[in-house]
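Notes follow the structure.
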Amino acid sequence: MTSSELWTRETAERYDAEETETSSAAVLGPTLDFLTELAGDGRALEFAIGTGRVGVPLRERGVPVVGVELSEHMAAVLRRKADEDTLPVVLGDMATTVVPGGFSLVYLVYNTISNLLTQDEQVECFRNAARHLEPGGRFVIELGVPPLRFLPPGQVAVPFDVSERHLGFDTFDLVEQVLVSHHLTRDGEDGRYRRGASRHRYAWPAELDLMARIAGLTLERRVADWDGTPFTQDSTKHVSVWRKPA
């Protein structure tokens, strides 16, 4: 049993409409360029493929993609975009689900590894990636850097979006290394807001590197974004690439 929270039908149905910015050409273009180069002539496996925001256009670029997805409702939305022969999806969790065959690339985008709420499960996710990788293959994760520098003494909340239709802030449990993302989203024009929340286990880049070492992977590259911007102490997220020895 995974600790990940399960996406409901209602959430799955509105997911794409709420992620128009991350689905834009400006965001997806560099992401697809990055992943296509790493996949080379091999196959790619996306953990937590969701509605196929990345996996479907990556397949359209000619990369054979297989997905693993915990929520049948998210997978059902993806299935409207690509059939099973074009993009196979296995229902299961990213820490233990095994897909037949080898892959030159396994990837996890958009903070998704944080959906696993324990360190043990995150370690198992790395092991599962290594299990699927062919020698020389890569595991890629996109993950935010915990914004704890914004927490003065006594404060437990950090806003991450304050816009006309959405208010978002994270609250932190520094002992358990868990944050809760709170969302107030305005639906329609009547001024009413829909409230939602999700739990995540945050991890520092150095902690992920240790997880990779446990799984037999070595850090090859870390950048601040898909366009290759250098990663610095001020970066708010990272895209990290670990390699399985050839």
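Residue numbering restarts at 1 for every chain of the structure tokens, chains are lettered A, B, ... in their displayed order, and ligands are numbered from 1 as they appear.
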Per residue of segment 89-113 of chain A within 9 Å of segment 133-137 of chain A, note the shortest atom pair and the distance in Å to one decimal, counting only C-alpha atoms, and order the rows by chain and increasing residue number, as CSV.
```
residue,atom,partner,partner_atom,distance
A:Gly102,CA,A:Glu134,CA,5.4
A:Phe103,CA,A:Leu133,CA,4.9
A:Ser104,CA,A:Gly137,CA,4.3
A:Leu105,CA,A:Gly137,CA,5.7
A:Val106,CA,A:Leu133,CA,7.0
```
May I have a table of the residues of segment 109-203 of chain A lying at most 10 Å from segment 30-41 of chain A, giving each one's closest pair of atoms and their distance in Å to one decimal, counting only C-alpha atoms, ordered by chain and ascending residue number, as JSON lines?
```
{"residue": "A:Val109", "atom": "CA", "partner": "A:Thr31", "partner_atom": "CA", "distance": 9.2}
{"residue": "A:Gly137", "atom": "CA", "partner": "A:Ala39", "partner_atom": "CA", "distance": 8.2}
{"residue": "A:Arg138", "atom": "CA", "partner": "A:Leu38", "partner_atom": "CA", "distance": 7.2}
{"residue": "A:Phe139", "atom": "CA", "partner": "A:Leu38", "partner_atom": "CA", "distance": 9.4}
{"residue": "A:Val140", "atom": "CA", "partner": "A:Leu35", "partner_atom": "CA", "distance": 8.5}
{"residue": "A:Glu142", "atom": "CA", "partner": "A:Thr31", "partner_atom": "CA", "distance": 10.0}
```
Mind writing the picked residues with all heavy atoms as a tab-separated table (two decimals), in the first residue's frame?
```
chain	number	residue	atom	x	y	z
A	109	VAL	N	8.34	13.89	-13.26
A	109	VAL	CA	8.31	15.33	-13.43
A	109	VAL	C	7.40	15.99	-12.38
A	109	VAL	O	6.63	15.33	-11.69
A	109	VAL	CB	7.83	15.72	-14.85
A	109	VAL	CG1	8.78	15.16	-15.89
A	109	VAL	CG2	6.40	15.23	-15.10
A	137	GLY	N	21.60	3.74	-18.64
A	137	GLY	CA	20.35	4.49	-18.67
A	137	GLY	C	20.30	5.55	-17.59
A	137	GLY	O	21.07	5.53	-16.62
A	138	ARG	N	19.36	6.48	-17.73
A	138	ARG	CA	19.25	7.61	-16.81
A	138	ARG	C	17.90	7.66	-16.12
A	138	ARG	O	16.87	7.31	-16.70
A	138	ARG	CB	19.45	8.93	-17.55
A	138	ARG	CG	20.89	9.34	-17.74
A	138	ARG	CD	21.44	8.87	-19.02
A	138	ARG	NE	22.75	9.49	-19.29
A	138	ARG	CZ	23.43	9.33	-20.40
A	138	ARG	NH1	22.91	8.61	-21.39
A	138	ARG	NH2	24.62	9.89	-20.56
A	139	PHE	N	17.94	8.16	-14.88
A	139	PHE	CA	16.74	8.46	-14.10
A	139	PHE	C	16.70	9.97	-13.88
A	139	PHE	O	17.67	10.57	-13.42
A	139	PHE	CB	16.80	7.73	-12.76
A	139	PHE	CG	15.59	7.92	-11.87
A	139	PHE	CD1	14.31	8.04	-12.41
A	139	PHE	CD2	15.74	7.95	-10.49
A	139	PHE	CE1	13.20	8.19	-11.60
A	139	PHE	CE2	14.62	8.10	-9.67
A	139	PHE	CZ	13.36	8.22	-10.21
A	140	VAL	N	15.58	10.60	-14.24
A	140	VAL	CA	15.45	12.06	-14.18
A	140	VAL	C	14.30	12.43	-13.24
A	140	VAL	O	13.22	11.85	-13.32
A	140	VAL	CB	15.18	12.65	-15.58
A	140	VAL	CG1	14.98	14.16	-15.49
A	140	VAL	CG2	16.31	12.32	-16.53
A	142	GLU	N	12.32	16.00	-11.61
A	142	GLU	CA	12.11	17.44	-11.48
A	142	GLU	C	11.45	17.67	-10.12
A	142	GLU	O	10.40	17.10	-9.83
A	142	GLU	CB	11.18	17.94	-12.59
A	142	GLU	CG	10.80	19.42	-12.47
A	142	GLU	CD	9.72	19.83	-13.45
A	142	GLU	OE1	8.97	18.94	-13.92
A	142	GLU	OE2	9.62	21.04	-13.75
```
Between A:Tyr107, A:Gly191, A:Glu84, A:Gly154, single out the one closest to Ala130 of chain A, counting only C-alpha atoms.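 Nearest to Ala130 of chain A: A:Tyr107.
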Those of segment 108-206 of chain A in DSSP strand (DSSP E), formatted as an MDAnalysis selection string: chainID A and resid 108 133:144 157:162 166:173 178:186 193:201
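When only C-alpha atoms are used to compute distances to Thr236 of chain A, the closest of the residues A:Leu58, A:Pro146, A:Thr22, A:Thr118 turns out to be A:Pro146.
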How would you write, as a count of residues only, the set of residues in segment 33-153 of chain A that DSSP gives as helix (DSSP H, G or I)? 42
Residue contacts of segment 46-52 of chain A (7 Å, only C-alpha atoms) excluding same-chain residues fewer than 2 positions away, as a VMD selection string: chain A and resid 44 54 to 56 66 to 70 74 to 75 77 to 78 94 106 to 108
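Using only C-alpha atoms for every distance, the candidate list A:Leu87, A:Gly101, A:Asn115, A:Arg53 yields A:Arg53 as the residue closest to Ser23 of chain A.
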If we count only C-alpha atoms, what is near Val180 of chain A at a cut-off of 6 Å, once residues fewer than 3 positions away on the same chain are taken out, given as a list in words? Asp170, Thr171, Ser198 and Arg199 of chain A
Would you save the residues of that selection, restricted to N, CA, C and O atoms, as a short mmCIF file (atom, residue, chain, number, x, y, z; two decimals), in the first residue's frame?
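Dumped to part35.cif:
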```cif
data_model
loop_
_atom_site.label_atom_id
_atom_site.label_comp_id
_atom_site.auth_asym_id
_atom_site.auth_seq_id
_atom_site.Cartn_x
_atom_site.Cartn_y
_atom_site.Cartn_z
N ASP A 170 2.02 26.81 1.25
CA ASP A 170 2.45 25.57 1.86
C ASP A 170 2.63 25.75 3.36
O ASP A 170 3.16 26.78 3.81
N THR A 171 2.22 24.77 4.14
CA THR A 171 2.51 24.73 5.56
C THR A 171 3.44 23.55 5.83
O THR A 171 3.34 22.51 5.17
N SER A 198 -3.09 19.05 -0.46
CA SER A 198 -2.40 17.79 -0.72
C SER A 198 -1.12 17.74 0.11
O SER A 198 -0.47 18.75 0.35
N ARG A 199 -0.76 16.54 0.55
CA ARG A 199 0.43 16.34 1.37
C ARG A 199 1.60 15.88 0.50
O ARG A 199 1.43 15.14 -0.47
#
```
Mind giving me the straight-line distance from atom CA of Glu189 of chain A to atom CA of Ser24 of chain A in Å, one decimal?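 If I compute the distance from atom CA of Glu189 of chain A to atom CA of Ser24 of chain A, I get 24.2 Å.
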Given only C-alpha atoms, how would the per-residue table for segment 95-129 of chain A near segment 4-11 of chain A read, listing every residue at most 12 Å away with its closest atom pair and distance in Å to one decimal, sorted by chain and number, as a Markdown table?
```
| residue | atom | partner | partner_atom | distance |
| --- | --- | --- | --- | --- |
| A:Ala95 | CA | A:Ser4 | CA | 10.2 |
| A:Thr112 | CA | A:Ser4 | CA | 9.7 |
| A:Ile113 | CA | A:Ser4 | CA | 9.4 |
| A:Ser114 | CA | A:Ser4 | CA | 8.7 |
| A:Asn115 | CA | A:Ser4 | CA | 5.2 |
| A:Leu116 | CA | A:Ser4 | CA | 5.1 |
| A:Leu117 | CA | A:Ser4 | CA | 6.5 |
| A:Thr118 | CA | A:Ser4 | CA | 9.4 |
| A:Glu121 | CA | A:Ser4 | CA | 9.6 |
| A:Gln122 | CA | A:Ser4 | CA | 10.8 |
```
With distances taken over only C-alpha atoms, which residue among A:Pro245, A:Pro230, A:Pro147, A:Gly216 lies nearest Glu124 of chain A? A:Gly216
